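A.B. asks: So here's target-v2.tsv, just TSV, C-alpha atoms:
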chain	number	residue	atom	x	y	z
I	1086	MET	CA	-77.06	8.31	-43.63
I	1087	LYS	CA	-78.40	10.85	-41.14
I	1088	ALA	CA	-80.95	13.35	-42.38
I	1089	VAL	CA	-79.78	16.96	-42.50
I	1090	THR	CA	-82.11	19.43	-40.85
I	1091	THR	CA	-82.80	22.79	-42.50
I	1092	SER	CA	-84.56	24.24	-39.48
I	1093	PRO	CA	-83.20	27.68	-38.51
I	1094	THR	CA	-83.52	26.67	-34.85
I	1095	PRO	CA	-80.63	24.46	-33.65
I	1096	ARG	CA	-81.73	21.08	-32.37
I	1097	PRO	CA	-80.03	19.01	-29.68
I	1098	ALA	CA	-77.62	16.42	-31.05
I	1099	ARG	CA	-79.11	12.93	-31.13
I	1100	HIS	CA	-77.09	10.02	-29.82
I	1101	ALA	CA	-76.47	6.91	-31.89
I	1102	ALA	CA	-78.13	4.78	-29.22
I	1103	PRO	CA	-81.51	5.98	-27.90
I	1104	VAL	CA	-80.97	3.99	-24.69
I	1105	ASP	CA	-77.86	2.87	-22.80
I	1106	VAL	CA	-78.09	-0.23	-20.61
I	1107	VAL	CA	-75.56	-0.30	-17.75
I	1108	LEU	CA	-74.49	-3.84	-16.87
I	1109	PRO	CA	-72.19	-4.04	-13.81
I	1110	CYS	CA	-69.97	-7.06	-14.34
I	1111	LEU	CA	-67.66	-9.10	-12.13
I	1112	ASN	CA	-66.76	-12.50	-13.58
I	1113	GLU	CA	-69.92	-13.00	-15.60
I	1114	ALA	CA	-68.46	-14.65	-18.73
I	1115	GLU	CA	-70.91	-17.53	-18.48
I	1116	ALA	CA	-73.95	-15.25	-18.40
I	1117	LEU	CA	-72.85	-12.55	-20.85
I	1118	PRO	CA	-73.95	-14.24	-24.11
I	1119	TRP	CA	-77.50	-14.72	-22.80
I	1120	VAL	CA	-77.73	-11.19	-21.41
I	1121	LEU	CA	-76.27	-9.36	-24.40
I	1122	ALA	CA	-78.40	-11.32	-26.86
I	1123	ARG	CA	-81.46	-9.83	-25.14
I	1124	ILE	CA	-80.48	-6.18	-25.35
I	1125	PRO	CA	-83.23	-4.57	-27.50
I	1126	PRO	CA	-82.17	-3.69	-31.07
I	1127	GLY	CA	-80.65	-0.23	-31.37
I	1128	TRP	CA	-79.83	0.05	-27.68
I	1129	ARG	CA	-76.25	0.09	-26.42
I	1130	ALA	CA	-74.91	-2.32	-23.82
I	1131	LEU	CA	-72.39	-0.74	-21.42
I	1132	VAL	CA	-70.64	-3.59	-19.63
I	1133	VAL	CA	-68.79	-2.15	-16.64
I	1134	ASP	CA	-65.97	-4.52	-15.79
I	1135	ASN	CA	-65.32	-4.33	-12.06
I	1136	GLY	CA	-62.13	-6.40	-11.93
I	1137	SER	CA	-63.13	-9.62	-13.69
I	1138	THR	CA	-60.55	-12.38	-13.99
I	1139	ASP	CA	-62.54	-14.73	-16.26
I	1140	GLY	CA	-62.23	-12.80	-19.52
I	1141	SER	CA	-65.61	-11.08	-19.18
I	1142	ALA	CA	-64.37	-7.79	-20.65
I	1143	ASP	CA	-62.88	-9.38	-23.78
I	1144	LEU	CA	-65.95	-11.53	-24.32
I	1145	ALA	CA	-68.25	-8.53	-23.95
I	1146	ARG	CA	-66.29	-6.67	-26.64
I	1147	GLU	CA	-66.45	-9.69	-28.94
I	1148	LEU	CA	-70.22	-9.76	-28.48
I	1149	GLY	CA	-70.52	-6.10	-29.47
I	1150	ALA	CA	-70.83	-4.39	-26.09
I	1151	THR	CA	-69.04	-1.22	-25.06
I	1152	VAL	CA	-66.77	-2.03	-22.11
I	1153	VAL	CA	-66.09	0.44	-19.31
I	1154	ARG	CA	-63.46	-0.36	-16.69
I	1155	GLU	CA	-64.03	0.54	-13.05
I	1156	GLU	CA	-61.11	-0.37	-10.81
I	1157	ARG	CA	-62.81	0.54	-7.56
I	1158	ARG	CA	-64.68	-2.52	-6.34
I	1159	GLY	CA	-68.33	-2.17	-5.45
I	1160	PHE	CA	-71.73	-2.54	-7.09
I	1161	GLY	CA	-72.41	1.17	-6.77
I	1162	ALA	CA	-69.01	2.05	-8.18
I	1163	ALA	CA	-69.70	-0.06	-11.27
I	1164	CYS	CA	-73.22	1.32	-11.73
I	1165	HIS	CA	-72.10	4.92	-11.42
I	1166	ALA	CA	-69.18	4.41	-13.79
I	1167	GLY	CA	-71.70	3.18	-16.34
I	1168	LEU	CA	-74.00	6.12	-15.71
I	1169	THR	CA	-71.20	8.64	-16.21
I	1170	ALA	CA	-70.04	6.84	-19.36
I	1171	ALA	CA	-73.55	6.78	-20.83
I	1172	THR	CA	-74.54	9.33	-23.46
I	1173	ALA	CA	-78.13	8.37	-24.26
I	1174	ASP	CA	-81.03	10.40	-22.91
I	1175	ILE	CA	-82.46	7.37	-21.12
I	1176	VAL	CA	-80.28	5.02	-19.07
I	1177	CYS	CA	-81.27	1.58	-17.82
I	1178	PHE	CA	-79.64	-0.70	-15.28
I	1179	CYS	CA	-79.68	-4.49	-15.27
I	1180	ASP	CA	-77.72	-7.19	-13.51
I	1181	CYS	CA	-75.30	-9.10	-15.70
I	1182	ASP	CA	-75.87	-12.55	-14.18
I	1183	ALA	CA	-78.79	-13.72	-16.39
I	1184	SER	CA	-81.29	-13.40	-13.54
I	1185	LEU	CA	-83.09	-10.57	-15.35
I	1186	ASP	CA	-83.98	-10.19	-19.02
I	1187	PRO	CA	-82.97	-6.74	-20.33
I	1188	SER	CA	-85.71	-6.92	-22.97
I	1189	ALA	CA	-88.17	-6.41	-20.10
I	1190	LEU	CA	-86.92	-2.80	-20.00
I	1191	VAL	CA	-88.76	-1.86	-23.21
I	1192	PRO	CA	-92.03	-0.80	-21.48
I	1193	PHE	CA	-90.00	0.89	-18.73
I	1194	VAL	CA	-88.29	3.11	-21.30
I	1195	ARG	CA	-91.56	3.85	-23.04
I	1196	GLU	CA	-93.08	4.98	-19.73
I	1197	VAL	CA	-90.16	7.32	-19.03
I	1198	ARG	CA	-90.06	8.65	-22.57
I	1199	ASP	CA	-93.81	9.33	-22.59
I	1200	GLY	CA	-93.54	11.29	-19.34
I	1201	GLU	CA	-95.67	8.86	-17.33
I	1202	ALA	CA	-92.95	8.22	-14.73
I	1203	ASP	CA	-89.52	9.56	-13.84
I	1204	LEU	CA	-88.05	6.32	-12.48
I	1205	VAL	CA	-89.36	2.85	-13.27
I	1206	LEU	CA	-88.34	-0.18	-11.23
I	1207	GLY	CA	-88.80	-3.91	-11.75
I	1208	ARG	CA	-90.53	-5.88	-9.01
I	1209	ARG	CA	-88.86	-9.27	-9.12
I	1210	ARG	CA	-91.14	-12.32	-9.37
I	1211	PRO	CA	-89.13	-15.51	-8.80
I	1212	GLN	CA	-89.31	-18.14	-11.53
I	1213	GLY	CA	-88.32	-21.57	-10.28
I	1214	ARG	CA	-86.54	-22.80	-7.17
I	1215	GLY	CA	-83.43	-20.97	-6.11
I	1216	ALA	CA	-84.21	-17.79	-8.01
I	1217	TRP	CA	-84.45	-15.70	-4.84
I	1218	PRO	CA	-83.05	-17.20	-1.62
I	1219	ALA	CA	-85.06	-16.70	1.55
I	1220	HIS	CA	-82.41	-14.55	3.24
I	1221	ALA	CA	-82.18	-12.19	0.26
I	1222	ARG	CA	-85.95	-11.89	0.04
I	1223	ALA	CA	-86.22	-11.17	3.78
I	1224	GLY	CA	-83.58	-8.45	3.56
I	1225	ASN	CA	-85.33	-6.86	0.60
I	1226	LEU	CA	-88.70	-6.88	2.38
I	1227	ALA	CA	-87.21	-5.22	5.46
I	1228	LEU	CA	-85.64	-2.50	3.33
I	1229	ALA	CA	-88.88	-1.90	1.42
I	1230	ARG	CA	-90.67	-1.31	4.71
I	1231	MET	CA	-87.98	1.07	5.93
I	1232	LEU	CA	-88.13	2.90	2.61
I	1233	ARG	CA	-91.89	3.31	2.99
I	1234	ARG	CA	-91.47	4.85	6.43
I	1235	ARG	CA	-88.69	7.14	5.17
I	1236	THR	CA	-90.24	8.33	1.89
I	1237	GLY	CA	-93.86	7.20	1.73
I	1238	LEU	CA	-93.19	5.17	-1.42
I	1239	ARG	CA	-95.18	1.92	-1.34
I	1240	LEU	CA	-92.69	-0.22	-3.23
I	1241	HIS	CA	-92.34	-3.98	-2.86
I	1242	ASP	CA	-88.84	-4.38	-4.23
I	1243	LEU	CA	-85.57	-2.50	-4.68
I	1244	GLY	CA	-84.43	-4.57	-7.63
I	1245	PRO	CA	-81.67	-3.61	-10.04
I	1246	LEU	CA	-83.81	-3.48	-13.20
I	1247	ARG	CA	-84.68	0.19	-13.72
I	1248	ALA	CA	-84.89	3.09	-16.17
I	1249	ALA	CA	-84.69	6.88	-15.92
I	1250	ARG	CA	-83.30	9.90	-17.77
I	1251	ARG	CA	-79.55	10.30	-17.58
I	1252	GLU	CA	-79.16	14.01	-16.71
I	1253	PRO	CA	-81.64	13.98	-13.82
I	1254	LEU	CA	-79.98	10.83	-12.47
I	1255	LEU	CA	-76.60	12.54	-12.48
I	1256	ALA	CA	-78.14	15.58	-10.80
I	1257	LEU	CA	-79.22	13.43	-7.85
I	1258	GLY	CA	-75.58	13.46	-6.73
I	1259	LEU	CA	-75.42	9.79	-5.75
I	1260	THR	CA	-72.45	9.07	-3.49
I	1261	ASP	CA	-72.79	5.46	-2.35
I	1262	ARG	CA	-70.42	3.14	-4.20
I	1263	ARG	CA	-71.37	-0.13	-2.52
I	1264	SER	CA	-74.60	-2.04	-2.06
I	1265	GLY	CA	-76.55	1.07	-1.06
I	1266	TYR	CA	-76.43	2.62	-4.53
I	1267	PRO	CA	-79.78	1.27	-5.83
I	1268	LEU	CA	-81.59	2.37	-2.68
I	1269	GLU	CA	-79.90	5.77	-2.62
I	1270	MET	CA	-81.18	6.38	-6.14
I	1271	VAL	CA	-84.77	5.68	-5.05
I	1272	VAL	CA	-84.51	7.70	-1.82
I	1273	ARG	CA	-83.08	10.78	-3.50
I	1274	ALA	CA	-85.57	10.51	-6.35
I	1275	ALA	CA	-88.42	10.37	-3.82
I	1276	ASP	CA	-87.01	13.33	-1.89
I	1277	ALA	CA	-86.90	15.28	-5.15
I	1278	GLY	CA	-90.55	14.55	-5.93
I	1279	TRP	CA	-89.96	12.08	-8.75
I	1280	ARG	CA	-92.81	9.85	-9.89
I	1281	VAL	CA	-91.64	6.30	-9.19
I	1282	ALA	CA	-93.38	3.32	-10.79
I	1283	GLU	CA	-92.98	-0.41	-10.20
I	1284	HIS	CA	-93.84	-3.31	-12.51
I	1285	ASP	CA	-93.53	-7.07	-12.22
I	1286	VAL	CA	-90.62	-8.76	-14.01
I	1287	PRO	CA	-89.58	-12.43	-14.08
I	1288	TYR	CA	-86.63	-13.23	-11.82
I	1289	LEU	CA	-84.60	-16.26	-12.88
I	1290	PRO	CA	-81.97	-18.31	-11.04
I	1291	ARG	CA	-78.73	-16.44	-11.58
I	1292	THR	CA	-75.73	-17.87	-13.40
I	1293	GLY	CA	-72.73	-18.28	-11.10
I	1294	ALA	CA	-72.35	-17.21	-7.48
I	1295	SER	CA	-73.86	-14.01	-6.11
I	1296	LYS	CA	-71.38	-11.33	-5.02
I	1297	VAL	CA	-73.82	-9.55	-2.71
I	1298	THR	CA	-76.81	-11.55	-1.48
I	1299	GLY	CA	-75.67	-15.12	-2.05
I	1300	THR	CA	-75.14	-15.65	1.69
I	1301	TRP	CA	-76.65	-14.41	4.93
I	1302	ARG	CA	-73.42	-12.46	5.56
I	1303	GLY	CA	-73.57	-10.81	2.13
I	1304	THR	CA	-77.21	-9.94	2.68
I	1305	TRP	CA	-76.39	-8.46	6.08
I	1306	HIS	CA	-73.69	-6.25	4.62
I	1307	ALA	CA	-76.10	-5.08	1.89
I	1308	VAL	CA	-78.82	-4.29	4.43
I	1309	ARG	CA	-76.27	-2.42	6.57
I	1310	ASP	CA	-75.16	-0.31	3.59
I	1311	MET	CA	-78.74	0.47	2.64
I	1312	SER	CA	-79.79	1.25	6.23
I	1313	ARG	CA	-77.05	3.86	6.27
I	1314	VAL	CA	-78.59	5.44	3.18
I	1315	LEU	CA	-82.02	5.55	4.81
I	1316	ALA	CA	-80.56	7.35	7.81
I	1317	GLU	CA	-79.41	10.29	5.70
I	1318	SER	CA	-81.36	13.52	5.86
I	1319	PRO	CA	-83.51	14.39	2.80
I	1320	ALA	CA	-81.10	16.94	1.33
I	1321	ALA	CA	-81.61	16.27	-2.37
I	1322	ALA	CA	-85.18	17.50	-2.65
I	1323	SER	CA	-84.26	21.18	-2.52
I	1324	VAL	CA	-81.63	20.99	-5.25
I	1325	THR	CA	-82.83	18.29	-7.65
I	1326	PRO	CA	-86.24	18.83	-9.26
I	1327	ALA	CA	-88.15	15.97	-10.81
I	1328	PRO	CA	-87.38	15.47	-14.52
I	1329	SER	CA	-90.90	16.64	-15.36
I	1330	GLN	CA	-90.20	19.90	-13.52
I	1331	GLY	CA	-86.59	20.49	-14.51
I	1332	GLY	CA	-86.88	20.79	-18.28
I	1333	THR	CA	-85.11	17.59	-19.27
I	1334	ALA	CA	-88.15	15.50	-20.11
I	1335	GLN	CA	-89.24	15.38	-23.72
Could I get this file's structure written as structure tokens?

C.D. replies:
Amino acid sequence: MKAVTTSPTPRPARHAAPVDVVLPCLNEAEALPWVLARIPPGWRALVVDNGSTDGSADLARELGATVVREERRGFGAACHAGLTAATADIVCFCDCDASLDPSALVPFVREVRDGEADLVLGRRRPQGRGAWPAHARAGNLALARMLRRRTGLRLHDLGPLRAARREPLLALGLTDRRSGYPLEMVVRAADAGWRVAEHDVPYLPRTGASKVTGTWRGTWHAVRDMSRVLAESPAAASVTPAPSQGGTAQ
């Protein structure tokens, strides 16, 4: 039973889940049990089904996740559908292929909640052979260097494991719905003066075939999408203050 407040000053409504974890999903039935079993207690898993044909959506529901459908194909489309469906103050993102452990997000959320950072990213550290193919690692390194020249952020990775507050993320006005979405989030956050932190996380061999960086061609398309994002002018900084400046941080 929820406690009833007698304070004369209205308080913001509290969500049932303190944190929502967005999990973009395309045919990840094999990985879902492992991933969902590692969602921290009390957090909500938002599995965004992006056109799966292997029963991923039904399995996710059976395992207790909230399923969001996104018909438009694309990693960014799935991520943004999850962000807009989220209701918690803090939203996390994690791949749904068992390459990343969502329990590693606990210190990320604590850092955001305590006001120590506005956006926290996971720097992937490969565990075992095949966890991070050479072509994918090379593409990521090239993008990190371009990001440094564009924003000044000295990041080593643009990985999908991340945490931030929901309302400021929505205010960034992210528009990419393909592979450039994760980078666009970082670029616009940097332009807006957000404090961006990076921490090491284990990176495991994924379950199933990669939809983005599993081949040189896929990596090239991802790099092309992200290079387009880096070429955009820094327009967000003047309209989107950092969470610590905009009154949404607690």

A.B. asks: Separation of CA of Ala1171 in chain I and CA of Val1272 in chain I, in Å?

C.D. replies: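 Going from CA of Ala1171 in chain I over to CA of Val1272 in chain I covers 22.0 Å.
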
A.B. asks: For the point (-65.0, 3.0, -20.7) in the file's frame, write as a list in words all residues with an atom no more than 9 Å away, counting all atoms listed in the file.

C.D. replies: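 Checking each residue against the 9 Å limit leaves Leu1131, Val1132, Val1133, Thr1151, Val1152, Val1153, Arg1154, Glu1155, Ala1166, Gly1167 and Ala1170 of chain I.
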
A.B. asks: Name the closest residue to Ile1124 in chain I among the candidates I:Ser1141, I:Thr1169, I:Asn1112, I:Ser1188; distances are taken between atoms, counting only C-alpha atoms.

C.D. replies: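 Smallest separation from Ile1124 in chain I among the options: I:Ser1188.
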
A.B. asks: Between I:Ala1327, I:Leu1268, I:Leu1254, I:Val1120, which residue has the minimum interatomic distance to Pro1187 in chain I, considering all atoms listed in the file?

C.D. replies: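 Counting all atoms listed in the file, the residue closest to Pro1187 in chain I is I:Val1120.
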
A.B. asks: Rank nothing, just name the residue among I:Ala1221, I:Ala1256, I:Leu1232, I:Leu1226 nearest to Arg1313 in chain I, using all atoms listed in the file.

C.D. replies: I:Leu1232

A.B. asks: Between I:Leu1185, I:Leu1259, I:Cys1110, I:Ala1249, which has the minimum distance to Gly1136 in chain I (counting all atoms listed in the file)?

C.D. replies: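 Distance minimum relative to Gly1136 in chain I lands on I:Cys1110.
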